[in-house]
>>> print(open('input-v3.cif').read())   # mmCIF, C-alpha atoms
data_work
#
loop_
_atom_site.label_atom_id
_atom_site.label_comp_id
_atom_site.auth_asym_id
_atom_site.auth_seq_id
_atom_site.Cartn_x
_atom_site.Cartn_y
_atom_site.Cartn_z
CA MET A 5 104.82 89.18 73.92
CA ARG A 6 106.03 86.50 76.33
CA VAL A 7 108.49 87.33 79.13
CA LEU A 8 110.51 84.74 81.03
CA VAL A 9 110.93 85.62 84.72
CA THR A 10 113.36 83.59 86.81
CA GLY A 11 113.02 83.73 90.58
CA ALA A 12 109.35 84.56 90.07
CA THR A 13 108.41 84.01 93.72
CA GLY A 14 111.08 86.32 95.13
CA GLN A 15 110.40 89.77 96.55
CA VAL A 16 111.09 91.37 93.15
CA GLY A 17 109.94 88.50 90.96
CA CYS A 18 106.42 88.14 92.37
CA ARG A 19 105.82 91.87 91.98
CA LEU A 20 107.34 91.87 88.50
CA VAL A 21 104.96 89.12 87.36
CA ARG A 22 101.97 91.21 88.43
CA GLN A 23 103.23 94.34 86.72
CA LEU A 24 103.91 92.44 83.50
CA LEU A 25 100.41 90.99 83.51
CA SER A 26 98.90 94.44 84.09
CA ASP A 27 100.87 95.64 81.05
CA ASN A 28 99.40 92.79 78.97
CA TYR A 29 102.55 90.68 78.69
CA GLU A 30 102.39 86.89 78.77
CA VAL A 31 104.52 85.48 81.59
CA ARG A 32 106.50 82.27 81.84
CA ALA A 33 107.81 81.85 85.39
CA VAL A 34 110.68 79.63 86.51
CA ILE A 35 110.60 78.55 90.15
CA ILE A 36 112.51 75.93 92.12
CA PRO A 37 110.84 72.58 92.86
CA ASP A 38 108.77 72.66 96.07
CA ASP A 39 109.20 76.43 96.24
CA PRO A 40 107.99 77.53 99.70
CA ASN A 41 106.75 80.84 98.24
CA LYS A 42 104.83 79.34 95.33
CA SER A 43 101.55 80.63 96.82
CA ARG A 44 102.65 84.17 95.86
CA LEU A 45 101.71 83.23 92.31
CA ASP A 46 98.32 81.70 93.15
CA GLY A 47 95.48 82.83 90.90
CA LEU A 48 97.74 84.42 88.28
CA ASP A 49 97.30 83.56 84.60
CA ILE A 50 100.89 82.50 83.93
CA GLU A 51 102.86 79.48 82.78
CA ILE A 52 104.99 77.97 85.55
CA ILE A 53 108.07 75.82 84.99
CA GLU A 54 109.56 74.12 88.02
CA GLY A 55 113.25 73.32 87.84
CA ASN A 56 116.81 74.34 88.63
CA LEU A 57 118.75 76.76 86.46
CA LEU A 58 121.85 74.66 87.12
CA ASP A 59 120.26 72.32 84.56
CA ILE A 60 121.17 73.91 81.23
CA SER A 61 118.52 71.91 79.38
CA LEU A 62 115.88 73.57 81.56
CA CYS A 63 117.31 77.00 80.64
CA GLU A 64 117.01 76.20 76.95
CA LYS A 65 113.46 74.92 77.40
CA ALA A 66 112.41 77.96 79.44
CA MET A 67 113.45 80.52 76.83
CA ASP A 68 111.91 78.72 73.84
CA LYS A 69 109.77 81.23 71.90
CA THR A 70 110.31 83.80 74.65
CA PRO A 71 111.94 87.01 73.35
CA TYR A 72 112.29 88.73 76.72
CA ILE A 73 114.21 87.32 79.68
CA ILE A 74 114.35 88.90 83.14
CA HIS A 75 116.74 87.08 85.45
CA THR A 76 116.02 87.82 89.12
CA ALA A 77 116.85 84.38 90.58
CA ASN A 78 119.66 84.25 93.13
CA LEU A 79 120.35 83.35 96.74
CA VAL A 80 121.04 86.29 99.06
CA SER A 81 122.67 84.02 101.63
CA PRO A 82 123.53 80.31 101.83
CA LEU A 83 120.70 77.88 102.50
CA PRO A 84 120.92 75.83 105.73
CA GLY A 85 123.82 73.43 105.41
CA MET A 86 125.13 75.05 102.18
CA SER A 87 128.83 75.82 102.05
CA ASP A 88 130.10 79.21 100.92
CA PRO A 89 131.64 77.75 97.71
CA ASP A 90 128.33 76.05 96.84
CA PHE A 91 126.48 79.32 97.49
CA PHE A 92 128.84 81.19 95.17
CA ASN A 93 128.68 78.45 92.54
CA ASN A 94 124.88 78.43 92.57
CA ASN A 95 124.57 82.16 91.92
CA VAL A 96 127.24 82.26 89.21
CA MET A 97 126.40 79.05 87.37
CA ASN A 98 122.65 79.64 87.14
CA THR A 99 123.43 82.94 85.43
CA PHE A 100 126.11 81.38 83.24
CA ASN A 101 123.73 78.64 82.09
CA LEU A 102 120.92 81.07 81.36
CA VAL A 103 122.96 83.67 79.48
CA SER A 104 125.00 81.12 77.52
CA SER A 105 121.72 79.53 76.40
CA ALA A 106 120.36 82.93 75.41
CA ALA A 107 123.56 83.73 73.52
CA LYS A 108 123.00 80.71 71.25
CA ILE A 109 119.80 82.35 70.01
CA ALA A 110 120.87 85.97 70.50
CA ASN A 111 119.14 87.07 67.30
CA LYS A 112 115.80 85.90 68.75
CA ILE A 113 116.23 87.57 72.14
CA MET A 114 114.87 91.10 72.24
CA ARG A 115 116.25 91.86 75.71
CA PHE A 116 118.06 89.95 78.48
CA VAL A 117 117.78 91.79 81.82
CA TYR A 118 119.90 90.82 84.81
CA ILE A 119 119.32 92.01 88.39
CA SER A 120 122.74 92.68 89.85
CA SER A 121 123.32 94.72 93.03
CA SER A 122 124.84 97.95 94.30
CA ALA A 123 126.99 95.64 96.45
CA VAL A 124 129.46 95.61 93.54
CA TYR A 125 130.54 99.16 94.55
CA PRO A 126 129.58 98.80 97.49
CA ASN A 127 127.61 101.81 98.75
CA ASP A 128 127.76 100.65 102.39
CA SER A 129 129.92 103.42 103.88
CA HIS A 130 129.94 101.66 107.27
CA LEU A 131 131.96 98.90 105.58
CA ILE A 132 134.20 100.89 103.23
CA THR A 133 134.30 104.62 102.53
CA PRO A 134 133.05 105.44 99.00
CA VAL A 135 135.44 107.15 96.64
CA TYR A 136 132.74 109.80 96.16
CA ASN A 137 129.03 110.46 96.64
CA PRO A 138 126.53 110.16 95.13
CA ILE A 139 127.58 106.79 93.78
CA ASP A 140 127.01 106.52 90.03
CA GLU A 141 127.78 103.78 87.50
CA MET A 142 131.35 105.06 87.04
CA HIS A 143 132.27 104.52 90.71
CA PRO A 144 135.09 101.97 91.20
CA LEU A 145 133.90 98.41 91.79
CA ARG A 146 135.20 96.88 95.04
CA PRO A 147 132.88 93.98 95.93
CA GLU A 148 133.56 91.96 99.05
CA GLY A 149 132.05 88.66 100.16
CA SER A 150 130.60 85.81 98.15
CA TYR A 151 127.32 87.50 97.26
CA ALA A 152 128.80 90.73 95.91
CA ILE A 153 131.71 89.05 94.13
CA ALA A 154 129.29 86.62 92.47
CA LYS A 155 127.16 89.55 91.25
CA LEU A 156 130.16 91.17 89.57
CA ALA A 157 131.25 87.83 88.10
CA CYS A 158 127.77 87.43 86.59
CA GLU A 159 127.95 90.93 85.11
CA GLU A 160 131.26 90.07 83.44
CA ILE A 161 129.84 86.82 82.05
CA ILE A 162 126.93 88.71 80.53
CA LYS A 163 129.21 91.41 79.11
CA GLY A 164 131.42 88.74 77.56
CA TYR A 165 128.55 87.03 75.77
CA THR A 166 127.17 90.43 74.77
CA ARG A 167 130.47 91.33 73.07
CA GLN A 168 130.71 87.92 71.43
CA THR A 169 127.16 87.52 70.14
CA GLY A 170 125.50 90.94 70.25
CA LEU A 171 123.04 89.74 72.91
CA ARG A 172 120.80 92.69 73.84
CA SER A 173 121.56 92.70 77.55
CA THR A 174 120.84 95.20 80.32
CA MET A 175 122.09 95.00 83.89
CA LEU A 176 120.38 96.72 86.82
CA ARG A 177 122.09 97.49 90.13
CA PRO A 178 119.42 98.01 92.81
CA SER A 179 120.16 99.67 96.11
CA GLY A 180 118.98 98.03 99.36
CA ILE A 181 115.66 96.45 98.35
CA CYS A 182 112.69 96.84 100.71
CA SER A 183 109.33 95.09 100.68
CA GLY A 184 106.49 94.40 103.09
CA THR A 185 107.11 96.16 106.40
CA ALA A 186 110.93 96.19 106.20
CA ILE A 187 111.20 99.92 105.56
CA LEU A 188 109.81 100.72 109.02
CA GLY A 189 112.92 99.43 110.75
CA ARG A 190 115.48 101.10 108.50
CA TRP A 191 115.29 104.47 110.30
CA SER A 192 115.14 103.18 113.86
CA VAL A 193 117.48 103.38 116.83
CA GLY A 194 118.23 99.70 116.35
CA SER A 195 119.25 100.22 112.73
CA VAL A 196 121.42 103.25 113.56
CA SER A 197 123.03 101.37 116.42
CA GLY A 198 123.91 98.46 114.13
CA ILE A 199 125.43 100.79 111.55
CA LEU A 200 127.53 102.54 114.22
CA GLN A 201 128.75 99.25 115.66
CA ALA A 202 129.81 97.95 112.25
CA GLY A 203 131.37 101.22 111.10
CA GLN A 204 133.28 102.15 114.23
CA SER A 205 135.07 98.80 114.24
CA SER A 206 136.19 99.04 110.61
CA PRO A 207 139.24 101.24 109.82
CA ARG A 208 138.07 101.50 106.19
CA SER A 209 134.68 102.86 107.17
CA SER A 210 133.61 106.51 107.06
CA LEU A 211 132.38 105.99 110.65
CA TYR A 212 135.65 104.70 112.10
CA MET A 213 136.92 106.40 115.26
CA LYS A 214 140.49 105.71 116.38
CA ASP A 215 139.77 106.51 120.03
CA GLY A 216 137.52 103.48 120.34
CA GLN A 217 134.37 105.35 121.32
CA GLU A 218 131.23 103.23 121.31
CA LEU A 219 128.68 105.82 120.23
CA TRP A 220 125.83 103.34 119.97
CA LYS A 221 125.79 102.63 123.70
CA GLU A 222 124.78 106.16 124.68
CA LEU A 223 122.24 106.20 121.83
CA GLU A 224 120.56 103.03 123.08
CA MET A 225 120.59 104.27 126.68
CA ASN A 226 118.61 107.38 125.68
CA ALA A 227 116.08 105.63 123.45
CA LEU A 228 112.58 104.52 124.43
CA SER A 229 113.21 101.34 122.46
CA LYS A 230 115.21 100.08 119.50
CA ASP A 231 112.10 100.64 117.36
CA GLN A 232 112.03 104.39 118.03
CA PRO A 233 112.50 106.53 114.86
CA CYS A 234 115.92 108.18 114.97
CA ALA A 235 116.65 111.58 113.38
CA ILE A 236 120.43 111.35 113.45
CA VAL A 237 122.82 114.12 112.35
CA ASP A 238 126.58 114.61 112.36
CA LYS A 239 128.67 117.21 114.20
CA TYR A 240 127.72 119.81 111.57
CA LYS A 241 124.03 118.91 111.99
CA ALA A 242 123.96 117.33 108.52
CA SER A 243 121.49 114.45 108.44
CA TRP A 244 122.51 110.90 107.75
CA VAL A 245 121.19 109.79 104.34
CA TYR A 246 119.74 106.52 103.08
CA GLN A 247 118.48 105.68 99.58
CA PRO A 248 116.97 102.19 99.43
CA VAL A 249 114.55 101.04 96.74
CA ASP A 250 111.09 99.52 96.94
CA ALA A 251 110.83 96.06 95.36
CA ARG A 252 107.99 97.38 93.18
CA ASP A 253 110.27 100.03 91.71
CA VAL A 254 112.88 97.36 90.92
CA ALA A 255 110.18 95.37 89.12
CA TYR A 256 109.17 98.51 87.25
CA ALA A 257 112.81 99.13 86.26
CA CYS A 258 112.91 95.66 84.72
CA ILE A 259 109.98 96.55 82.47
CA CYS A 260 111.63 99.86 81.58
CA ALA A 261 114.70 97.86 80.57
CA ILE A 262 112.89 95.43 78.26
CA GLU A 263 111.00 98.28 76.61
CA SER A 264 114.06 100.48 76.10
CA LYS A 265 116.52 100.65 73.23
CA SER A 266 119.57 101.04 75.45
CA ASP A 267 122.93 99.85 74.17
CA PRO A 268 123.70 96.14 74.74
CA GLY A 269 125.69 95.67 77.93
CA SER A 270 124.41 98.86 79.56
CA VAL A 271 124.35 99.08 83.37
CA PHE A 272 121.92 101.21 85.38
CA ASN A 273 121.56 102.05 89.07
CA VAL A 274 118.08 101.56 90.51
CA SER A 275 117.07 103.33 93.70
CA ALA A 276 114.38 105.42 95.40
CA PRO A 277 113.39 108.67 93.66
CA GLU A 278 115.74 110.74 95.84
CA PRO A 279 118.17 110.24 98.73
CA ILE A 280 116.22 110.32 102.01
CA PRO A 281 117.49 112.18 105.09
CA PHE A 282 116.99 110.38 108.41
CA THR A 283 115.49 113.60 109.80
CA GLN A 284 112.72 113.49 107.19
CA ALA A 285 112.07 109.75 107.41
CA ALA A 286 111.94 109.71 111.20
CA GLU A 287 109.29 112.45 111.25
CA ILE A 288 107.15 110.68 108.67
CA ILE A 289 107.31 107.37 110.53
CA SER A 290 106.55 109.11 113.81
CA GLU A 291 103.49 110.82 112.34
CA ILE A 292 102.14 107.50 111.11
CA ASN A 293 102.91 105.16 114.02
CA GLY A 294 102.76 107.68 116.88
CA ILE A 295 106.20 106.86 118.33
CA PRO A 296 108.11 110.09 119.15
CA VAL A 297 111.32 110.85 117.28
CA LEU A 298 114.69 110.61 119.01
CA ASN A 299 116.84 113.49 117.79
CA TRP A 300 120.48 112.48 118.07
CA GLN A 301 123.87 113.89 117.13
CA VAL A 302 127.16 112.06 116.59
CA PRO A 303 130.54 113.21 115.25
CA VAL A 304 130.31 111.04 112.11
CA ARG A 305 128.01 110.83 109.07
CA TRP A 306 126.64 107.83 107.21
CA ILE A 307 125.65 108.18 103.55
CA TYR A 308 124.13 105.29 101.59
CA ASP A 309 123.07 106.66 98.22
CA LEU A 310 122.84 105.49 94.63
CA ASN A 311 122.57 107.95 91.74
CA ASN A 312 119.79 106.85 89.35
CA ILE A 313 119.91 109.76 86.89
CA ARG A 314 121.30 107.62 84.07
CA ALA A 315 118.39 105.16 84.37
CA LYS A 316 115.88 108.02 84.45
CA TYR A 317 117.13 109.36 81.13
CA ALA A 318 118.24 106.20 79.28
CA ILE A 319 115.41 103.76 80.09
CA ASN A 320 112.78 106.23 81.39
CA TYR A 321 112.93 104.86 84.93
CA GLN A 322 110.63 107.11 86.98
CA PRO A 323 110.39 105.55 90.47
CA LYS A 324 107.33 106.42 92.52
CA TRP A 325 108.04 104.82 95.90
CA GLY A 326 109.55 107.58 98.05
CA ILE A 327 109.75 107.47 101.84
CA LYS A 328 106.17 108.61 102.47
CA GLU A 329 104.72 106.13 99.97
CA MET A 330 106.85 103.25 101.26
CA VAL A 331 105.96 103.91 104.91
CA GLU A 332 102.22 104.24 104.19
CA SER A 333 102.31 100.99 102.23
CA ALA A 334 104.25 99.21 105.00
CA MET A 335 101.73 100.34 107.61
CA ALA A 336 98.88 99.05 105.44
CA VAL A 337 100.65 95.68 105.27
CA LYS A 338 101.18 95.73 109.03
CA ARG A 339 97.47 96.38 109.59
CA GLY A 340 96.54 93.56 107.20
CA GLU A 341 94.93 95.95 104.73
CA SER A 342 97.37 95.18 101.88
CA ASP A 343 99.70 92.44 100.73
CA GLY A 344 102.24 95.02 99.51
CA LEU A 345 102.60 93.31 96.13
CA THR A 346 101.13 96.06 93.95
#
>>> encode(input="input-v3.cif", output="structure tokens")
Amino acid sequence: MRVLVTGATGQVGCRLVRQLLSDNYEVRAVIIPDDPNKSRLDGLDIEIIEGNLLDISLCEKAMDKTPYIIHTANLVSPLPGMSDPDFFNNNVMNTFNLVSSAAKIANKIMRFVYISSSAVYPNDSHLITPVYNPIDEMHPLRPEGSYAIAKLACEEIIKGYTRQTGLRSTMLRPSGICSGTAILGRWSVGSVSGILQAGQSSPRSSLYMKDGQELWKELEMNALSKDQPCAIVDKYKASWVYQPVDARDVAYACICAIESKSDPGSVFNVSAPEPIPFTQAAEIISEINGIPVLNWQVPVRWIYDLNNIRAKYAINYQPKWGIKEMVESAMAVKRGESDGLT
């Protein structure tokens, strides 16, 4: 069976293409003209179409005789010189064009999968305090900023066409996606300092302190460097918690979605196997890279989680990239022993 993958050179798309090929799917990849990451697809037995999804005729051509569509293409931030309205328009209209084209042949489409984002909640408690934790698919949606608002707009477009035509759609909401060596910096003094700075200045944050304390300054003063692993806890000695997701697990979730029989219009959270305490992650990173852990206590707690139980049961999503696996893979990439794509 042929699968159409948009954004095939992105951090999820290039890994998804490889997983599809290993599962014996045929792949048709859509990439932008002069894509700077085209080399990520070198040597792969796939069909490549170069074009822009803002061209609806290209969308119709791309899905011809292709029963599965996985839409990963989007901009995370504006390109140089791109205005915020153009950035928003690009992300919404490429999805509108693709799904409206699919809706015309809904009876021929076995599954349309869209990669949304947990930013629609959001689960960034340093920006806005969640209504509850862990954050599941029933959590209120309160997106802010062009990227997150565009993601929710795209979800509503897909839901509308699903209701109208019966399009077999599935939407995935990944947590913070990591690839390459990125995971190594997520548990560092620098990362914790950035979270504290953002949260303490926002009255809606779970980290906000009315007295104006600048907790990150003392943290940085006591650290060997901003790269030092940080095992941070709150005043009750409860660890901070982070639950990102490896790009390879997001790719795997896409395959779970096309192979499932979930109800049209279903939405699933996609995240690491379990929430990861900073105390655990810092020790693992320290053991691997030899940098000692900085144990630190503050009066506030940061929780960034995303409940994936519904995906585990409904589409058989069984993620394998926990903190130990992600860190070991990142170190292999750092040493040049792996490309981190599989």
>>> resolve_selection(input="input-v3.cif", expression="the PyMOL selection byres ((chain A and resi 112) around 12)", output="list in words")
Met67, Asp68, Lys69, Thr70, Pro71, Tyr72, Ile73, Ser105, Ala106, Ala107, Lys108, Ile109, Ala110, Asn111, Ile113, Met114, Arg115, Phe116, Thr169, Gly170, Leu171 and Arg172 of chain A
>>> residues_around(input="input-v3.cif", residues="A:Val271", least_positions_apart="4", cutoff="7 Å", atoms="all atoms listed in the file", output="tab-separated table (two decimals) with C-alpha atoms, in the coordinates of the input")
chain	number	residue	atom	x	y	z
A	174	THR	CA	120.84	95.20	80.32
A	175	MET	CA	122.09	95.00	83.89
A	176	LEU	CA	120.38	96.72	86.82
>>> closest_residue(input="input-v3.cif", among="A:Ile74, A:Ile50, A:Ile153, A:Ile236", to="A:Ser173", atoms="all atoms listed in the file")
A:Ile74
>>> atom_distance(input="input-v3.cif", atom1="atom CA of A:Ala123", atom2="atom CA of A:Cys182")
15.0 Å
>>> residues_near_point(input="input-v3.cif", point="(121.0, 76.8, 87.6)", cutoff="12 Å", atoms="all atoms listed in the file", output="PDB file with C-alpha atoms, in the frame of the given file")
ATOM      1  CA  THR A  10     113.360  83.590  86.810  1.00  0.00           C
ATOM      2  CA  GLY A  11     113.020  83.730  90.580  1.00  0.00           C
ATOM      3  CA  VAL A  34     110.680  79.630  86.510  1.00  0.00           C
ATOM      4  CA  ILE A  35     110.600  78.550  90.150  1.00  0.00           C
ATOM      5  CA  ILE A  36     112.510  75.930  92.120  1.00  0.00           C
ATOM      6  CA  GLU A  54     109.560  74.120  88.020  1.00  0.00           C
ATOM      7  CA  GLY A  55     113.250  73.320  87.840  1.00  0.00           C
ATOM      8  CA  ASN A  56     116.810  74.340  88.630  1.00  0.00           C
ATOM      9  CA  LEU A  57     118.750  76.760  86.460  1.00  0.00           C
ATOM     10  CA  LEU A  58     121.850  74.660  87.120  1.00  0.00           C
ATOM     11  CA  ASP A  59     120.260  72.320  84.560  1.00  0.00           C
ATOM     12  CA  ILE A  60     121.170  73.910  81.230  1.00  0.00           C
ATOM     13  CA  SER A  61     118.520  71.910  79.380  1.00  0.00           C
ATOM     14  CA  LEU A  62     115.880  73.570  81.560  1.00  0.00           C
ATOM     15  CA  CYS A  63     117.310  77.000  80.640  1.00  0.00           C
ATOM     16  CA  GLU A  64     117.010  76.200  76.950  1.00  0.00           C
ATOM     17  CA  ALA A  66     112.410  77.960  79.440  1.00  0.00           C
ATOM     18  CA  HIS A  75     116.740  87.080  85.450  1.00  0.00           C
ATOM     19  CA  ALA A  77     116.850  84.380  90.580  1.00  0.00           C
ATOM     20  CA  ASN A  78     119.660  84.250  93.130  1.00  0.00           C
ATOM     21  CA  LEU A  79     120.350  83.350  96.740  1.00  0.00           C
ATOM     22  CA  ASP A  90     128.330  76.050  96.840  1.00  0.00           C
ATOM     23  CA  PHE A  91     126.480  79.320  97.490  1.00  0.00           C
ATOM     24  CA  PHE A  92     128.840  81.190  95.170  1.00  0.00           C
ATOM     25  CA  ASN A  93     128.680  78.450  92.540  1.00  0.00           C
ATOM     26  CA  ASN A  94     124.880  78.430  92.570  1.00  0.00           C
ATOM     27  CA  ASN A  95     124.570  82.160  91.920  1.00  0.00           C
ATOM     28  CA  VAL A  96     127.240  82.260  89.210  1.00  0.00           C
ATOM     29  CA  MET A  97     126.400  79.050  87.370  1.00  0.00           C
ATOM     30  CA  ASN A  98     122.650  79.640  87.140  1.00  0.00           C
ATOM     31  CA  THR A  99     123.430  82.940  85.430  1.00  0.00           C
ATOM     32  CA  PHE A 100     126.110  81.380  83.240  1.00  0.00           C
ATOM     33  CA  ASN A 101     123.730  78.640  82.090  1.00  0.00           C
ATOM     34  CA  LEU A 102     120.920  81.070  81.360  1.00  0.00           C
ATOM     35  CA  VAL A 103     122.960  83.670  79.480  1.00  0.00           C
ATOM     36  CA  SER A 104     125.000  81.120  77.520  1.00  0.00           C
ATOM     37  CA  SER A 105     121.720  79.530  76.400  1.00  0.00           C
TER      38      SER A 105
END
>>> atom_distance(input="input-v3.cif", atom1="atom CA of A:Gly194", atom2="atom CA of A:Asn137")
24.9 Å
>>> closest_residue(input="input-v3.cif", among="A:Ser26, A:Asn293, A:Ser275, A:Thr166", to="A:Ile259", atoms="only C-alpha atoms")
A:Ser26
>>> residues_around(input="input-v3.cif", residues="A:Asp343", least_positions_apart="4", cutoff="9 Å", atoms="only C-alpha atoms", output="ChimeraX atom specification")
/A:184,336-337
>>> write_last_selection(input="input-v3.cif", atoms="C-alpha atoms", output="mmCIF file, keeping the file's coordinate frame")
data_model
loop_
_atom_site.group_PDB
_atom_site.id
_atom_site.type_symbol
_atom_site.label_atom_id
_atom_site.label_comp_id
_atom_site.auth_asym_id
_atom_site.auth_seq_id
_atom_site.Cartn_x
_atom_site.Cartn_y
_atom_site.Cartn_z
ATOM 1 C CA GLY A 184 106.490 94.400 103.090
ATOM 2 C CA ALA A 336 98.880 99.050 105.440
ATOM 3 C CA VAL A 337 100.650 95.680 105.270
#
>>> axis_aligned_box(input="input-v3.cif", around="stretch 314-326 of chain A", padding_each_side="3 Å", output="lines of an AutoDock Vina configuration file")
center_x = 114.3
center_y = 106.6
center_z = 88.7
size_x = 20.0
size_y = 11.6
size_z = 24.8
>>> atom_distance(input="input-v3.cif", atom1="atom CA of A:Asn273", atom2="atom CA of A:Leu310")
6.7 Å
>>> resolve_selection(input="input-v3.cif", expression="the PyMOL selection byres ((chain A and resi 277) around 7)", output="tab-separated table (two decimals) with C-alpha atoms, in the coordinates of the input")
chain	number	residue	atom	x	y	z
A	275	SER	CA	117.07	103.33	93.70
A	276	ALA	CA	114.38	105.42	95.40
A	278	GLU	CA	115.74	110.74	95.84
A	323	PRO	CA	110.39	105.55	90.47
A	324	LYS	CA	107.33	106.42	92.52
A	325	TRP	CA	108.04	104.82	95.90
A	326	GLY	CA	109.55	107.58	98.05
>>> closest_residue(input="input-v3.cif", among="A:Gly17, A:Gly269, A:Gly344, A:Pro296", to="A:Lys163", atoms="all atoms listed in the file")
A:Gly269
>>> residues_around(input="input-v3.cif", residues="A:Arg190", least_positions_apart="4", cutoff="9 Å", atoms="only C-alpha atoms", output="compact mmCIF listing (two decimals) with C-alpha atoms, keeping the file's coordinate frame")
# COMPACT_ATOMS: atom_id res chain seq x y z
CA ALA A 186 110.93 96.19 106.20
CA GLY A 194 118.23 99.70 116.35
CA SER A 195 119.25 100.22 112.73
CA VAL A 196 121.42 103.25 113.56
CA PRO A 233 112.50 106.53 114.86
CA TYR A 246 119.74 106.52 103.08
>>> resolve_selection(input="input-v3.cif", expression="the PyMOL selection byres ((chain A and resi 309) around 10)", output="number ranges by chain")
A: 122, 127-129, 137-140, 179-180, 245-248, 275-276, 278-280, 306-308, 310-312
